[in-house]
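Trainee: Pasting structure_34.pdb here (PDB, C-alpha atoms):
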```
MODEL        1
ATOM      1  CA  MET A   1     -28.532 -31.018   5.384
ATOM      2  CA  ALA A   2     -30.903 -28.707   7.221
ATOM      3  CA  ILE A   3     -27.989 -27.035   9.023
ATOM      4  CA  ARG A   4     -26.112 -26.504   5.746
ATOM      5  CA  ASN A   5     -29.210 -25.051   4.114
ATOM      6  CA  SER A   6     -29.756 -22.657   7.027
ATOM      7  CA  ARG A   7     -26.155 -21.424   6.785
ATOM      8  CA  ALA A   8     -26.490 -20.900   3.067
ATOM      9  CA  GLU A   9     -29.744 -19.032   3.564
ATOM     10  CA  LYS A  10     -28.108 -16.803   6.178
ATOM     11  CA  LYS A  11     -25.266 -15.969   3.786
ATOM     12  CA  ILE A  12     -27.715 -15.162   1.006
ATOM     13  CA  SER A  13     -29.761 -12.991   3.366
ATOM     14  CA  TYR A  14     -26.641 -11.201   4.600
ATOM     15  CA  ASP A  15     -25.461 -10.588   1.015
ATOM     16  CA  GLY A  16     -28.822  -9.109   0.114
ATOM     17  CA  LYS A  17     -28.868  -6.846   3.180
ATOM     18  CA  LEU A  18     -25.333  -5.541   2.651
ATOM     19  CA  CYS A  19     -25.846  -5.020  -1.092
ATOM     20  CA  LYS A  20     -29.062  -3.113  -0.388
ATOM     21  CA  LEU A  21     -27.280  -0.855   2.098
ATOM     22  CA  LEU A  22     -24.479  -0.200  -0.395
ATOM     23  CA  ASP A  23     -27.121   0.909  -2.924
ATOM     24  CA  MET A  24     -28.885   3.178  -0.424
ATOM     25  CA  TYR A  25     -25.928   4.814   1.310
ATOM     26  CA  SER A  26     -22.811   6.516  -0.056
ATOM     27  CA  GLN A  27     -21.269   7.340   3.341
ATOM     28  CA  ILE A  28     -19.856   4.610   5.584
ATOM     29  CA  LEU A  29     -17.897   4.658   8.835
ATOM     30  CA  VAL A  30     -15.618   1.682   9.451
ATOM     31  CA  VAL A  31     -15.559   1.179  13.230
ATOM     32  CA  GLY A  32     -13.523  -1.032  15.544
ATOM     33  CA  ALA A  33     -15.617  -3.070  17.967
ATOM     34  CA  ASP A  34     -13.076  -4.560  20.379
ATOM     35  CA  ASN A  35     -14.540  -5.349  23.817
ATOM     36  CA  VAL A  36     -17.977  -4.008  22.836
ATOM     37  CA  GLY A  37     -20.844  -6.090  24.232
ATOM     38  CA  SER A  38     -24.181  -6.848  22.615
ATOM     39  CA  ASN A  39     -26.138  -4.623  25.024
ATOM     40  CA  GLN A  40     -23.813  -1.715  24.347
ATOM     41  CA  LEU A  41     -24.110  -2.297  20.604
ATOM     42  CA  GLN A  42     -27.887  -2.278  20.895
ATOM     43  CA  SER A  43     -27.753   1.079  22.686
ATOM     44  CA  ILE A  44     -25.636   2.496  19.870
ATOM     45  CA  ARG A  45     -28.139   1.234  17.290
ATOM     46  CA  GLN A  46     -30.956   2.953  19.165
ATOM     47  CA  GLY A  47     -28.983   6.193  19.416
ATOM     48  CA  LEU A  48     -28.304   6.215  15.665
ATOM     49  CA  ARG A  49     -31.783   5.166  14.642
ATOM     50  CA  GLY A  50     -33.242   7.377  11.941
ATOM     51  CA  ASP A  51     -30.571   8.088   9.353
ATOM     52  CA  SER A  52     -27.892   5.496  10.204
ATOM     53  CA  VAL A  53     -27.649   1.684  10.214
ATOM     54  CA  VAL A  54     -25.063  -0.410  12.067
ATOM     55  CA  LEU A  55     -24.047  -3.674  10.399
ATOM     56  CA  MET A  56     -21.729  -6.212  12.007
ATOM     57  CA  GLY A  57     -20.511  -9.512  10.586
ATOM     58  CA  LYS A  58     -17.551 -11.671   9.732
ATOM     59  CA  ASN A  59     -14.929  -9.948   7.620
ATOM     60  CA  THR A  60     -14.962 -12.749   5.040
ATOM     61  CA  MET A  61     -18.724 -12.414   4.581
ATOM     62  CA  MET A  62     -18.539  -8.625   4.263
ATOM     63  CA  LYS A  63     -15.694  -8.810   1.734
ATOM     64  CA  ARG A  64     -17.562 -11.412  -0.298
ATOM     65  CA  SER A  65     -20.757  -9.342  -0.319
ATOM     66  CA  ILE A  66     -18.883  -6.212  -1.414
ATOM     67  CA  ARG A  67     -17.266  -8.104  -4.306
ATOM     68  CA  VAL A  68     -20.634  -9.524  -5.351
ATOM     69  CA  HIS A  69     -22.181  -6.038  -5.262
ATOM     70  CA  ALA A  70     -19.322  -4.598  -7.349
ATOM     71  CA  GLU A  71     -19.739  -7.329  -9.980
ATOM     72  CA  LYS A  72     -23.521  -6.917 -10.196
ATOM     73  CA  THR A  73     -23.638  -3.127 -10.291
ATOM     74  CA  GLY A  74     -20.286  -2.346 -11.891
ATOM     75  CA  ASN A  75     -19.574   0.078  -9.032
ATOM     76  CA  LYS A  76     -15.897  -0.554  -8.335
ATOM     77  CA  GLN A  77     -15.645   2.281  -5.808
ATOM     78  CA  THR A  78     -16.973   0.085  -2.985
ATOM     79  CA  LEU A  79     -13.999  -2.255  -3.428
ATOM     80  CA  SER A  80     -11.904   0.321  -1.546
ATOM     81  CA  LEU A  81     -13.705  -0.860   1.605
ATOM     82  CA  ILE A  82     -12.178  -4.358   1.437
ATOM     83  CA  PRO A  83      -8.650  -3.421   2.678
ATOM     84  CA  LEU A  84     -10.262  -1.669   5.676
ATOM     85  CA  LEU A  85     -12.016  -4.805   6.932
ATOM     86  CA  VAL A  86      -9.268  -6.037   9.244
ATOM     87  CA  GLY A  87      -9.803  -7.155  12.832
ATOM     88  CA  ASN A  88     -13.025  -6.861  14.773
ATOM     89  CA  VAL A  89     -14.773  -4.167  12.731
ATOM     90  CA  GLY A  90     -18.257  -3.154  11.666
ATOM     91  CA  LEU A  91     -19.885  -0.746   9.229
ATOM     92  CA  ILE A  92     -22.122   2.240   9.969
ATOM     93  CA  PHE A  93     -24.113   3.363   6.929
ATOM     94  CA  THR A  94     -25.390   6.920   7.224
ATOM     95  CA  LYS A  95     -27.031   9.770   5.334
ATOM     96  CA  GLY A  96     -26.359  12.292   8.079
ATOM     97  CA  ASP A  97     -23.387  14.498   8.830
ATOM     98  CA  LEU A  98     -20.334  12.281   9.291
ATOM     99  CA  LYS A  99     -18.915  14.376  12.124
ATOM    100  CA  GLU A 100     -22.189  14.366  14.050
ATOM    101  CA  VAL A 101     -22.598  10.609  13.613
ATOM    102  CA  SER A 102     -19.046   9.953  14.838
ATOM    103  CA  GLU A 103     -19.699  12.166  17.880
ATOM    104  CA  VAL A 104     -22.857  10.193  18.704
ATOM    105  CA  VAL A 105     -20.925   6.926  18.425
ATOM    106  CA  ALA A 106     -18.205   8.254  20.754
ATOM    107  CA  LYS A 107     -20.791   8.988  23.479
ATOM    108  CA  TYR A 108     -21.646   5.323  23.968
ATOM    109  CA  LYS A 109     -18.609   4.212  25.939
ATOM    110  CA  VAL A 110     -18.860   1.847  28.894
ATOM    111  CA  GLY A 111     -16.379   1.520  31.757
ATOM    112  CA  ALA A 112     -14.675  -1.848  32.015
ATOM    113  CA  PRO A 113     -12.454  -3.540  34.614
ATOM    114  CA  ALA A 114      -8.804  -4.277  33.953
ATOM    115  CA  ARG A 115      -8.992  -7.968  33.144
ATOM    116  CA  VAL A 116      -5.845 -10.100  33.123
ATOM    117  CA  GLY A 117      -4.148 -10.223  29.733
ATOM    118  CA  LEU A 118      -5.789  -7.111  28.283
ATOM    119  CA  ILE A 119      -3.650  -4.519  26.515
ATOM    120  CA  ALA A 120      -4.086  -1.245  28.367
ATOM    121  CA  PRO A 121      -5.505   1.443  26.028
ATOM    122  CA  VAL A 122      -4.533   4.212  28.482
ATOM    123  CA  ASP A 123      -2.198   4.808  31.411
ATOM    124  CA  VAL A 124      -3.633   3.731  34.755
ATOM    125  CA  VAL A 125      -2.641   5.874  37.742
ATOM    126  CA  VAL A 126      -3.727   5.005  41.274
ATOM    127  CA  PRO A 127      -4.375   8.287  43.138
ATOM    128  CA  PRO A 128      -3.318   8.859  46.763
ATOM    129  CA  GLY A 129      -5.893   8.538  49.496
ATOM    130  CA  ASN A 130      -7.717   6.129  51.759
ATOM    131  CA  THR A 131      -8.502   2.818  50.074
ATOM    132  CA  GLY A 132     -10.949   1.534  52.674
ATOM    133  CA  LEU A 133      -9.061  -1.783  52.825
ATOM    134  CA  ASP A 134      -8.006  -3.335  56.118
ATOM    135  CA  PRO A 135      -4.287  -3.727  56.972
ATOM    136  CA  SER A 136      -4.310  -7.408  55.956
ATOM    137  CA  GLN A 137      -4.496  -6.312  52.306
ATOM    138  CA  THR A 138      -1.104  -4.576  52.295
ATOM    139  CA  SER A 139       0.481  -7.523  50.452
ATOM    140  CA  PHE A 140      -1.089  -6.357  47.176
ATOM    141  CA  PHE A 141       0.514  -2.950  47.546
ATOM    142  CA  GLN A 142       3.900  -4.381  48.513
ATOM    143  CA  VAL A 143       4.023  -6.598  45.431
ATOM    144  CA  LEU A 144       3.369  -3.579  43.219
ATOM    145  CA  ASN A 145       5.783  -1.295  45.160
ATOM    146  CA  ILE A 146       3.041   1.133  46.130
ATOM    147  CA  PRO A 147       3.934   3.168  49.263
ATOM    148  CA  THR A 148       1.217   2.958  51.914
ATOM    149  CA  LYS A 149       0.540   3.647  55.552
ATOM    150  CA  ILE A 150      -2.066   2.550  58.066
ATOM    151  CA  ASN A 151      -4.450   5.356  58.982
ATOM    152  CA  LYS A 152      -7.410   4.763  61.322
ATOM    153  CA  GLY A 153      -7.354   1.035  60.734
ATOM    154  CA  THR A 154      -7.307   1.209  56.908
ATOM    155  CA  VAL A 155      -4.640   1.256  54.204
ATOM    156  CA  GLU A 156      -3.874   4.678  52.745
ATOM    157  CA  ILE A 157      -1.853   5.280  49.560
ATOM    158  CA  ILE A 158       0.737   7.993  50.142
ATOM    159  CA  THR A 159       1.674   9.104  46.607
ATOM    160  CA  PRO A 160       0.133   8.622  43.139
ATOM    161  CA  VAL A 161       1.516   5.575  41.351
ATOM    162  CA  GLU A 162       1.463   4.736  37.641
ATOM    163  CA  LEU A 163       0.218   1.173  37.901
ATOM    164  CA  ILE A 164      -0.119   0.274  34.207
ATOM    165  CA  LYS A 165       1.332   1.982  31.159
ATOM    166  CA  LYS A 166      -0.475   2.297  27.861
ATOM    167  CA  GLY A 167       0.262  -0.715  25.652
ATOM    168  CA  ASP A 168       1.272  -3.011  28.550
ATOM    169  CA  LYS A 169      -0.532  -6.217  29.412
ATOM    170  CA  VAL A 170      -2.571  -6.212  32.596
ATOM    171  CA  GLY A 171      -1.092  -8.612  35.154
ATOM    172  CA  SER A 172      -2.942 -10.611  37.781
ATOM    173  CA  SER A 173      -1.732  -8.418  40.675
ATOM    174  CA  GLU A 174      -2.746  -5.173  38.950
ATOM    175  CA  SER A 175      -6.129  -6.624  38.035
ATOM    176  CA  ALA A 176      -6.778  -7.881  41.578
ATOM    177  CA  LEU A 177      -5.788  -4.562  43.167
ATOM    178  CA  LEU A 178      -7.959  -2.452  40.857
ATOM    179  CA  SER A 179     -10.840  -4.839  41.458
ATOM    180  CA  LYS A 180     -10.483  -4.444  45.245
ATOM    181  CA  LEU A 181     -10.357  -0.662  44.856
ATOM    182  CA  GLY A 182     -13.477  -0.744  42.692
ATOM    183  CA  VAL A 183     -11.683   1.032  39.841
ATOM    184  CA  ARG A 184     -12.798   0.443  36.246
ATOM    185  CA  PRO A 185      -9.957   2.208  34.429
ATOM    186  CA  PHE A 186     -10.823   1.347  30.847
ATOM    187  CA  SER A 187     -13.735   2.427  28.675
ATOM    188  CA  TYR A 188     -14.733   0.743  25.458
ATOM    189  CA  GLY A 189     -16.991   1.612  22.561
ATOM    190  CA  LEU A 190     -17.089   1.717  18.794
ATOM    191  CA  VAL A 191     -14.032   3.570  17.481
ATOM    192  CA  VAL A 192     -14.126   5.162  14.017
ATOM    193  CA  GLN A 193     -11.094   3.861  12.128
ATOM    194  CA  SER A 194     -11.782   5.005   8.557
ATOM    195  CA  VAL A 195     -14.335   7.057   6.636
ATOM    196  CA  TYR A 196     -15.742   6.157   3.208
ATOM    197  CA  ASP A 197     -17.515   8.875   1.245
ATOM    198  CA  ASN A 198     -18.555   8.322  -2.387
ATOM    199  CA  GLY A 199     -15.518   6.187  -3.188
ATOM    200  CA  SER A 200     -13.016   8.295  -1.208
ATOM    201  CA  VAL A 201     -11.413   6.870   1.930
ATOM    202  CA  PHE A 202      -9.810   9.121   4.537
ATOM    203  CA  SER A 203      -8.814   9.230   8.183
ATOM    204  CA  PRO A 204     -11.404  10.202  10.834
ATOM    205  CA  GLU A 205      -9.146  13.079  11.926
ATOM    206  CA  VAL A 206     -10.343  14.922   8.809
ATOM    207  CA  LEU A 207     -13.797  15.188  10.401
ATOM    208  CA  ASP A 208     -12.331  17.318  13.210
ATOM    209  CA  LEU A 209     -11.077  20.003  10.826
ATOM    210  CA  THR A 210     -12.863  23.347  11.099
ATOM    211  CA  GLU A 211     -13.275  26.067   8.479
ATOM    212  CA  ASP A 212     -10.455  28.015  10.127
ATOM    213  CA  ASP A 213      -8.153  24.984   9.794
ATOM    214  CA  LEU A 214      -9.006  24.639   6.117
ATOM    215  CA  VAL A 215      -8.425  28.344   5.488
ATOM    216  CA  ALA A 216      -5.060  28.181   7.282
ATOM    217  CA  LYS A 217      -3.948  25.140   5.270
ATOM    218  CA  PHE A 218      -5.083  26.771   2.020
ATOM    219  CA  ALA A 219      -3.195  29.968   2.890
ATOM    220  CA  ALA A 220      -0.046  27.971   3.704
ATOM    221  CA  GLY A 221      -0.258  26.138   0.381
ATOM    222  CA  LEU A 222      -0.891  29.364  -1.500
ATOM    223  CA  SER A 223       2.146  30.933   0.151
ATOM    224  CA  MET A 224       4.345  28.010  -0.923
ATOM    225  CA  VAL A 225       3.076  28.215  -4.522
ATOM    226  CA  THR A 226       3.742  31.962  -4.567
ATOM    227  CA  SER A 227       7.279  31.559  -3.201
ATOM    228  CA  LEU A 228       8.093  28.818  -5.713
ATOM    229  CA  SER A 229       6.692  30.852  -8.603
ATOM    230  CA  LEU A 230       8.747  33.906  -7.644
ATOM    231  CA  ALA A 231      11.915  31.837  -7.204
ATOM    232  CA  LEU A 232      11.508  30.209 -10.643
ATOM    233  CA  SER A 233      10.139  33.358 -12.326
ATOM    234  CA  TYR A 234       7.189  31.220 -13.413
ATOM    235  CA  PRO A 235       3.981  33.257 -13.639
ATOM    236  CA  THR A 236       0.978  31.988 -11.705
ATOM    237  CA  LEU A 237      -2.221  33.644 -10.558
ATOM    238  CA  ALA A 238      -0.986  33.662  -6.948
ATOM    239  CA  ALA A 239       2.353  35.268  -7.814
ATOM    240  CA  ALA A 240       1.065  37.736 -10.424
ATOM    241  CA  PRO A 241       0.526  40.715  -8.013
ATOM    242  CA  TYR A 242       4.036  40.369  -6.618
ATOM    243  CA  MET A 243       5.536  40.041 -10.097
ATOM    244  CA  PHE A 244       3.797  43.235 -11.229
ATOM    245  CA  MET A 245       5.002  44.996  -8.086
ATOM    246  CA  ASN A 246       8.610  43.878  -8.611
ATOM    247  CA  ALA A 247       8.441  44.904 -12.267
ATOM    248  CA  TYR A 248       7.141  48.354 -11.280
ATOM    249  CA  LYS A 249      10.009  48.741  -8.799
ATOM    250  CA  ASN A 250      12.547  47.860 -11.478
ATOM    251  CA  VAL A 251      11.076  50.287 -14.022
ATOM    252  CA  LEU A 252      10.835  52.991 -11.355
ATOM    253  CA  ALA A 253      14.489  52.511 -10.465
ATOM    254  CA  VAL A 254      15.439  52.952 -14.127
ATOM    255  CA  SER A 255      13.234  56.042 -14.385
ATOM    256  CA  VAL A 256      14.821  57.636 -11.301
ATOM    257  CA  ALA A 257      18.333  56.913 -12.521
ATOM    258  CA  THR A 258      17.687  58.266 -16.037
ATOM    259  CA  ASP A 259      15.673  60.953 -17.803
ATOM    260  CA  TYR A 260      13.039  58.454 -18.833
ATOM    261  CA  SER A 261       9.684  59.040 -17.132
ATOM    262  CA  PHE A 262       6.147  57.692 -17.075
ATOM    263  CA  PRO A 263       3.005  58.864 -15.220
ATOM    264  CA  GLN A 264       3.373  56.515 -12.243
ATOM    265  CA  ALA A 265       6.941  57.731 -11.647
ATOM    266  CA  GLU A 266       6.471  61.502 -11.913
ATOM    267  CA  GLN A 267       5.356  62.029  -8.305
ATOM    268  CA  VAL A 268       8.286  60.005  -6.969
ATOM    269  CA  LYS A 269      10.766  61.917  -9.096
ATOM    270  CA  GLU A 270       9.221  65.223  -8.044
ATOM    271  CA  TYR A 271       9.536  64.253  -4.393
ATOM    272  CA  LEU A 272      13.196  63.332  -4.836
ATOM    273  CA  LYS A 273      13.889  66.700  -6.471
ATOM    274  CA  ASP A 274      12.221  68.787  -3.728
ATOM    275  CA  PRO A 275      11.292  66.862  -0.536
ATOM    276  CA  ALA A 276      10.522  70.138   1.302
ATOM    277  CA  LYS A 277       7.617  70.740  -1.028
ATOM    278  CA  PHE A 278       5.826  67.729   0.451
ATOM    279  CA  ALA A 279       6.916  68.423   4.046
ATOM    280  CA  VAL A 280       5.399  71.974   4.246
ATOM    281  CA  ALA A 281       1.830  70.798   3.845
ATOM    282  CA  ALA A 282       1.719  68.988   7.186
ATOM    283  CA  PRO A 283       2.420  71.982   9.539
ATOM    284  CA  VAL A 284       0.004  74.225   7.656
ATOM    285  CA  ALA A 285      -2.736  71.670   7.988
ATOM    286  CA  ALA A 286      -1.990  71.242  11.702
ATOM    287  CA  ALA A 287      -2.088  74.993  12.367
ATOM    288  CA  ALA A 288      -5.670  75.376  11.166
ATOM    289  CA  PRO A 289      -7.284  73.360  13.985
ATOM    290  CA  ALA A 290      -5.225  75.297  16.558
ATOM    291  CA  GLU A 291      -6.601  78.605  15.306
ATOM    292  CA  THR A 292     -10.164  77.374  15.345
ATOM    293  CA  ALA A 293      -9.718  76.129  18.912
ATOM    294  CA  ALA A 294      -8.390  79.515  20.085
ATOM    295  CA  ALA A 295     -11.386  81.420  18.680
ATOM    296  CA  PRO A 296     -13.985  80.194  21.240
ATOM    297  CA  ALA A 297     -11.591  81.007  24.091
ATOM    298  CA  ALA A 298     -11.268  84.602  22.886
ATOM    299  CA  LYS A 299     -15.025  84.965  22.677
ATOM    300  CA  GLU A 300     -15.434  83.858  26.273
ATOM    301  CA  GLU A 301     -12.954  86.482  27.447
ATOM    302  CA  LYS A 302     -14.907  89.224  25.699
ATOM    303  CA  LYS A 303     -18.069  88.450  27.614
ATOM    304  CA  GLU A 304     -18.777  91.336  30.039
ATOM    305  CA  GLU A 305     -19.294  90.599  33.674
ATOM    306  CA  PRO A 306     -22.775  91.657  34.970
ATOM    307  CA  GLU A 307     -22.844  94.976  36.907
ATOM    308  CA  GLU A 308     -23.790  94.986  40.570
ATOM    309  CA  SER A 309     -27.367  96.161  41.158
ATOM    310  CA  ASP A 310     -28.034  99.211  43.397
ATOM    311  CA  ASP A 311     -31.636  98.260  43.843
ATOM    312  CA  GLU A 312     -32.658  98.993  47.445
ATOM    313  CA  GLY A 313     -35.535  96.628  47.290
ATOM    314  CA  GLY A 314     -33.341  93.930  48.694
ATOM    315  CA  LEU A 315     -32.495  93.063  52.279
ATOM    316  CA  GLY A 316     -30.829  96.433  52.885
ATOM    317  CA  GLY A 317     -34.190  98.218  52.671
ATOM    318  CA  LEU A 318     -35.511  96.445  55.754
ATOM    319  CA  PHE A 319     -33.198  98.401  58.059
ATOM    320  CA  ASP A 320     -33.809 101.885  56.620
TER     321      ASP A 320
ENDMDL
END
```
If you convert what's in this file into structure tokens, what do you get?

Mentor:
Amino acid sequence: MAIRNSRAEKKISYDGKLCKLLDMYSQILVVGADNVGSNQLQSIRQGLRGDSVVLMGKNTMMKRSIRVHAEKTGNKQTLSLIPLLVGNVGLIFTKGDLKEVSEVVAKYKVGAPARVGLIAPVDVVVPPGNTGLDPSQTSFFQVLNIPTKINKGTVEIITPVELIKKGDKVGSSESALLSKLGVRPFSYGLVVQSVYDNGSVFSPEVLDLTEDDLVAKFAAGLSMVTSLSLALSYPTLAAAPYMFMNAYKNVLAVSVATDYSFPQAEQVKEYLKDPAKFAVAAPVAAAAPAETAAAPAAKEEKKEEPEESDDEGGLGGLFD
């Protein structure tokens, strides 16, 4: 009975903690916690201490607590978290900037060995070079078809070899070889899977968008709306300037082809009647600077050269 009571008390305590956090925070990061150890998780908690709280637990308990909170408070927005609680996940409640918090979480990654049976999260490539292993260890390389040679009493890999591909299971031979080489090819940490913000759920890639990206996407959407409006002849605020411009062109074409005129068309019609009238102004304007530039040159030519002095008080007087 004591064990049952303790379990029930733990559930009640967990419900109260989660419900309290849901009341205090409106921003939540749903993070995957595969292969994350307790020490690593503690380091993440310390790094986020201040404006963020990390909460782990069984998915069934978290779903139950969220439903209880929604029933008590009437806040149905938090129910959108329930479909996200799949697999080994946790919740990070925060009042800070979501992008900054996700960047802090990404810093706490720990290298891990390639254990047998793990699904490789990345490609593993063994680089060429001296392995430091004695020639008796060549059997590992032969099984994996890795070209080697003996150099100064040690095994040397000749060319880079893709040992494990992303998504493949790690075999015993690959695991043993990487262990002998001292290579820890994988790194694990909390991975942001979804973002909850005031009832809205979106992908973490949205956090990487900059202002320039948003402006570019807005401009692309505005361009599509404008094109559609012009094609359908449906007036919108985006297409209005182009519609006015096209209308002016049409009216101007009618004015040019007929005797009808309006103020905005008079200059165009005048130009079409006498193009030379508008072409003369350019050479006249260009000639003026040339004349002003020639004036200083003429003044310099008019300057008189100084006359030679006949004063005998110079050197010539010494020999008189």

Trainee: How many Å separate atom CA of Val192 of chain A from atom CA of Ser102 of chain A?

Mentor: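 So the two atoms, atom CA of Val192 of chain A and atom CA of Ser102 of chain A, lie 6.9 Å apart.
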
Trainee: Suppose you want the space between atom CA of Thr78 of chain A and atom CA of Lys10 of chain A; what is it in Å?

Mentor: 22.2 Å

Trainee: Find the distance between atom CA of Val126 of chain A and atom CA of Val161 of chain A and write it in Å to one decimal.

Mentor: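 Going from atom CA of Val126 of chain A over to atom CA of Val161 of chain A, I get 5.3 Å.
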
Trainee: Apply the PyMOL selection byres ((chain A and resi 24) around 12) to the file shown and report the selected residues as a ChimeraX atom specification.

Mentor: /A:17-23,25-28,51-53,93-95,198

Trainee: Quick one: residues within 8 Å of Ser175 of chain A, all atoms listed in the file, excluding same-chain residues fewer than 2 positions away - as a list in words?

Mentor: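 That gives Pro113, Ala114, Arg115, Val116, Val170, Gly171, Ser172, Ser173, Leu177, Leu178 and Ser179 of chain A.
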
Trainee: Could you tell me, as a PyMOL selection string, exactly which residues end up selected when the PyMOL selection byres ((chain A and resi 191) around 8) is applied to this structure?

Mentor: chain A and resi 31-33+105-106+189-190+192-193

Trainee: Mind dumping the selected residues with C-alpha atoms as a PDB file, keeping the file's coordinate frame?

Mentor:
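Contents of again.pdb, freshly written:
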```
ATOM      1  CA  VAL A  31     -15.559   1.179  13.230  1.00  0.00           C
ATOM      2  CA  GLY A  32     -13.523  -1.032  15.544  1.00  0.00           C
ATOM      3  CA  ALA A  33     -15.617  -3.070  17.967  1.00  0.00           C
ATOM      4  CA  VAL A 105     -20.925   6.926  18.425  1.00  0.00           C
ATOM      5  CA  ALA A 106     -18.205   8.254  20.754  1.00  0.00           C
ATOM      6  CA  GLY A 189     -16.991   1.612  22.561  1.00  0.00           C
ATOM      7  CA  LEU A 190     -17.089   1.717  18.794  1.00  0.00           C
ATOM      8  CA  VAL A 192     -14.126   5.162  14.017  1.00  0.00           C
ATOM      9  CA  GLN A 193     -11.094   3.861  12.128  1.00  0.00           C
TER      10      GLN A 193
END
```

Trainee: What's the 12 Å shell around Val201 of chain A, counting only C-alpha atoms, without same-chain residues fewer than 5 positions away, as an MDAnalysis selection string?

Mentor: chainID A and resid 26:30 77:84 193:196 206

Trainee: So, counting all atoms listed in the file, which residue among A:Thr236, A:Ala176, A:Pro185, A:Leu252 is closest to Val143 of chain A?

Mentor: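 Using all atoms listed in the file, Val143 of chain A sits closest to A:Ala176.
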
Trainee: Using only C-alpha atoms, which residue out of A:Pro160, A:Gly221, A:Gly16, A:Gly74 lies closest to Met62 of chain A?

Mentor: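 So, comparing all the options, the nearest one is A:Gly16.
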
Trainee: Do a neighbour search on Asp134 of chain A at 9 Å with all atoms listed in the file, toss out local chain neighbours closer than 5 positions, and write the hits as a PyMOL selection string.

Mentor: chain A and resi 150+153-155

Trainee: List as a ChimeraX atom specification: which residues have an atom within 12 Å of (-12.8, -8.9, 15.1), counting all atoms listed in the file?

Mentor: /A:31-36,56-60,85-90

Trainee: Which of these, A:Pro128, A:Leu48, A:Asp274, A:Tyr242, has the shortest distance to Asp97 of chain A once you count only C-alpha atoms?

Mentor: A:Leu48

Trainee: Between A:Val215, A:Val104, A:Leu230, A:Leu272, which residue has the minimum interatomic distance to Phe244 of chain A, considering all atoms listed in the file?

Mentor: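 Smallest separation from Phe244 of chain A among the options: A:Leu230.
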